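First comes the structure, then the notes that go with it.
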Amino acid sequence: MLRMIYSGEWLMHLWLIGFVASAIVIAFSTGFLRAHKIQPRGFKWKQLGFEALVAVIGGYVTAFILGNANRLLTSYGFIAFDNAPVAWWRAAIEYAAYFFLFDTWFYWLHRGMHKEPFYSLIHKIHHKSTSPNLLTTVSVNPLESVINGGFVPIFLTVMTLVGHPVGAVAAALILPTNIVMGLYVHAGFEFLPRWWHKSWATKWFITSTFHDQHHKFFNWNFGGYTTIWDRICGTTRAKFETDYDKICDRRAEWWRKLFARKPSSALSPVNAIADAEAM
Ligand SMILES: [Zn+2]
Ligand SMILES: [Zn+2]
């Protein structure tokens, strides 16, 4: 402890904690978070409690099943990685293959899980959350987590069996993608620009609002990483873009108010007196 104090390390930690705490307080008190929240009145303690319970139980079960499956497949040589240095474009192709194949896997299985009896048996737990937050990401029936998370070992196994084991760079990108994308789509806040769903280049990629609406309106917006299958199959919610624009409007209004400056005479008592005398 003393060594840490002498080295100045504690000051660094203190500064970091202070910085993060201040940022959170400012974000709350100025209304920044509320302005960027997709469902401003959506937070419920009861929902959060249920999510925490499912996350703990489901997390253990999923980690046990997927952890052992990965370990066994690797130890028997079904999953291998190419640790030799590879060209950037090969890593990009491997990652893109994973990204779009997983998106296809997720879309169709997700749509399937909205049909009975699969909905009641598997997917209903995740839909207890009507206004997603970060914890909603892991508030999932373990069976559903295994179905979704199981795509990674299947992909790595198939690549190994066809003689193209995934390179180390692509593997390092693929492994955390599911959890990062999960947190992103369940964030409950929208920070992406208004043009995101209008531009030909970006409208294919999901936003937090897109998946948030799946939780709120249920039978629309099934995509996990992209909006491609929803656009092809006509399952994008008709009012999705209108509501996305409304969130952008609310956000823009907050920024407009932040930068709106009152006339200097109103701010300065001296000028205010001078103004009054001149009248
Ligand atoms: Zn669903
Ligand atoms: Zn979800």
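Ligands are numbered from 1 in the order shown, chains are lettered A, B, ... in the order of the structure tokens, and residues start at 1 in each chain.
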
Checklist entry - Would you name the residues within 7 Å of ligand 2, counting only C-alpha atoms and all ligand atoms, and put them as an NGL selection string? => result :A and (126 or 136-137 or 186 or 211 or 215)

Next on the checklist: Any residue with an atom at most 12 Å from ligand 1 counts, using only C-alpha atoms and all ligand atoms. Which are they? Put them as a PyMOL selection string.
Outcome noted: chain A and resi 106-115+118-120+122-130+132+140-141+144+211-224

Checklist outcome for this item: With distances taken over only C-alpha atoms, the candidate from A:Glu241, A:Phe151, A:Asn68, A:Arg250 nearest Phe100 (chain A) is A:Phe151

Item to check | Backbone-only DSSP, alpha helix (DSSP H) members of region 85-168 of chain A, as number ranges by chain | outcome: A: 88-112, 118-121, 142-149, 151-161, 168

Checklist entry - Hey, what's within 8 Å of Tyr95 (chain A) if we count only C-alpha atoms and toss same-chain stuff fewer than 6 positions away? As a list in words, please? => result Ala170, Ala171, Leu173 and Ile174 of chain A

Next on the checklist: Between A:Ala252, A:Ala92, A:Ile228, A:Ile247, which residue has the minimum interatomic distance to Thr209 (chain A), considering only C-alpha atoms?
Outcome noted: A:Ile247

Checklist entry - How would you write, as a list of chain:residue names, the set of residues in region 58-251 of chain A that DSSP gives as strand (DSSP E or B)? => result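 Output for region 58-251 of chain A, strand (DSSP E or B) only: A:Phe81, A:Asp82, A:Val166, A:Gly167, A:Phe189, A:Phe205, A:Thr226.
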
Output C-alpha atoms of each residue in that selection to a file, as a short mmCIF file (atom, residue, chain, number, x, y, z; two decimals), in the first residue's frame.
```cif
data_model
loop_
_atom_site.label_atom_id
_atom_site.label_comp_id
_atom_site.auth_asym_id
_atom_site.auth_seq_id
_atom_site.Cartn_x
_atom_site.Cartn_y
_atom_site.Cartn_z
CA PHE A 81 -6.01 -21.70 -35.05
CA ASP A 82 -3.48 -20.57 -37.61
CA VAL A 166 -9.04 -19.20 -38.49
CA GLY A 167 -6.00 -16.93 -38.00
CA PHE A 189 -29.17 4.65 -25.31
CA PHE A 205 -25.86 -2.28 -39.58
CA THR A 226 -27.39 -6.31 -39.24
#
```

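With only C-alpha atoms taken into account, the protein and nucleic acid residues at most 8 Å from Ala187 (chain A) (excluding it and anything under 5 positions from it in its own chain) are Pro132, Asn133, Leu134 and Ser208 of chain A.
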
Checklist entry - CA of Ala55 (chain A) and CA of Asp103 (chain A) are how many Å apart? => result 22.9 Å

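Restricting the calculation to only C-alpha atoms, the smallest distance between Gly182 (chain A) and any of A:Trp204, A:Tyr225, A:Trp196, A:Trp88 is found for A:Tyr225.
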
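With only C-alpha atoms as the atoms that count, the minimum distance from Leu183 (chain A) to the choices A:Ile57, A:Leu135, A:Ala260, A:Val86 is reached by A:Leu135.
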
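Proximity ranking of A:Glu94, A:Glu116, A:Asp245, A:Glu9 relative to Lys198 (chain A) places A:Asp245 first, based on only C-alpha atoms.
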
Checklist outcome for this item: Separating CA of Phe32 (chain A) from CA of Phe259 (chain A), to the nearest tenth of an Å, is a gap of 13.1 Å

Checklist entry - Nearest to Ile232 (chain A) among A:Thr104, A:Thr62, A:Asn148, A:Gln39, with distances taken over only C-alpha atoms: which residue is it? => result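 When distances to Ile232 (chain A) are compared using only C-alpha atoms, the smallest one comes from A:Thr104.
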
Checklist entry - Quick one, how far is CA of Thr160 (chain A) from CA of Pro85 (chain A)? => result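 Distance between the two atoms: 17.1 Å.
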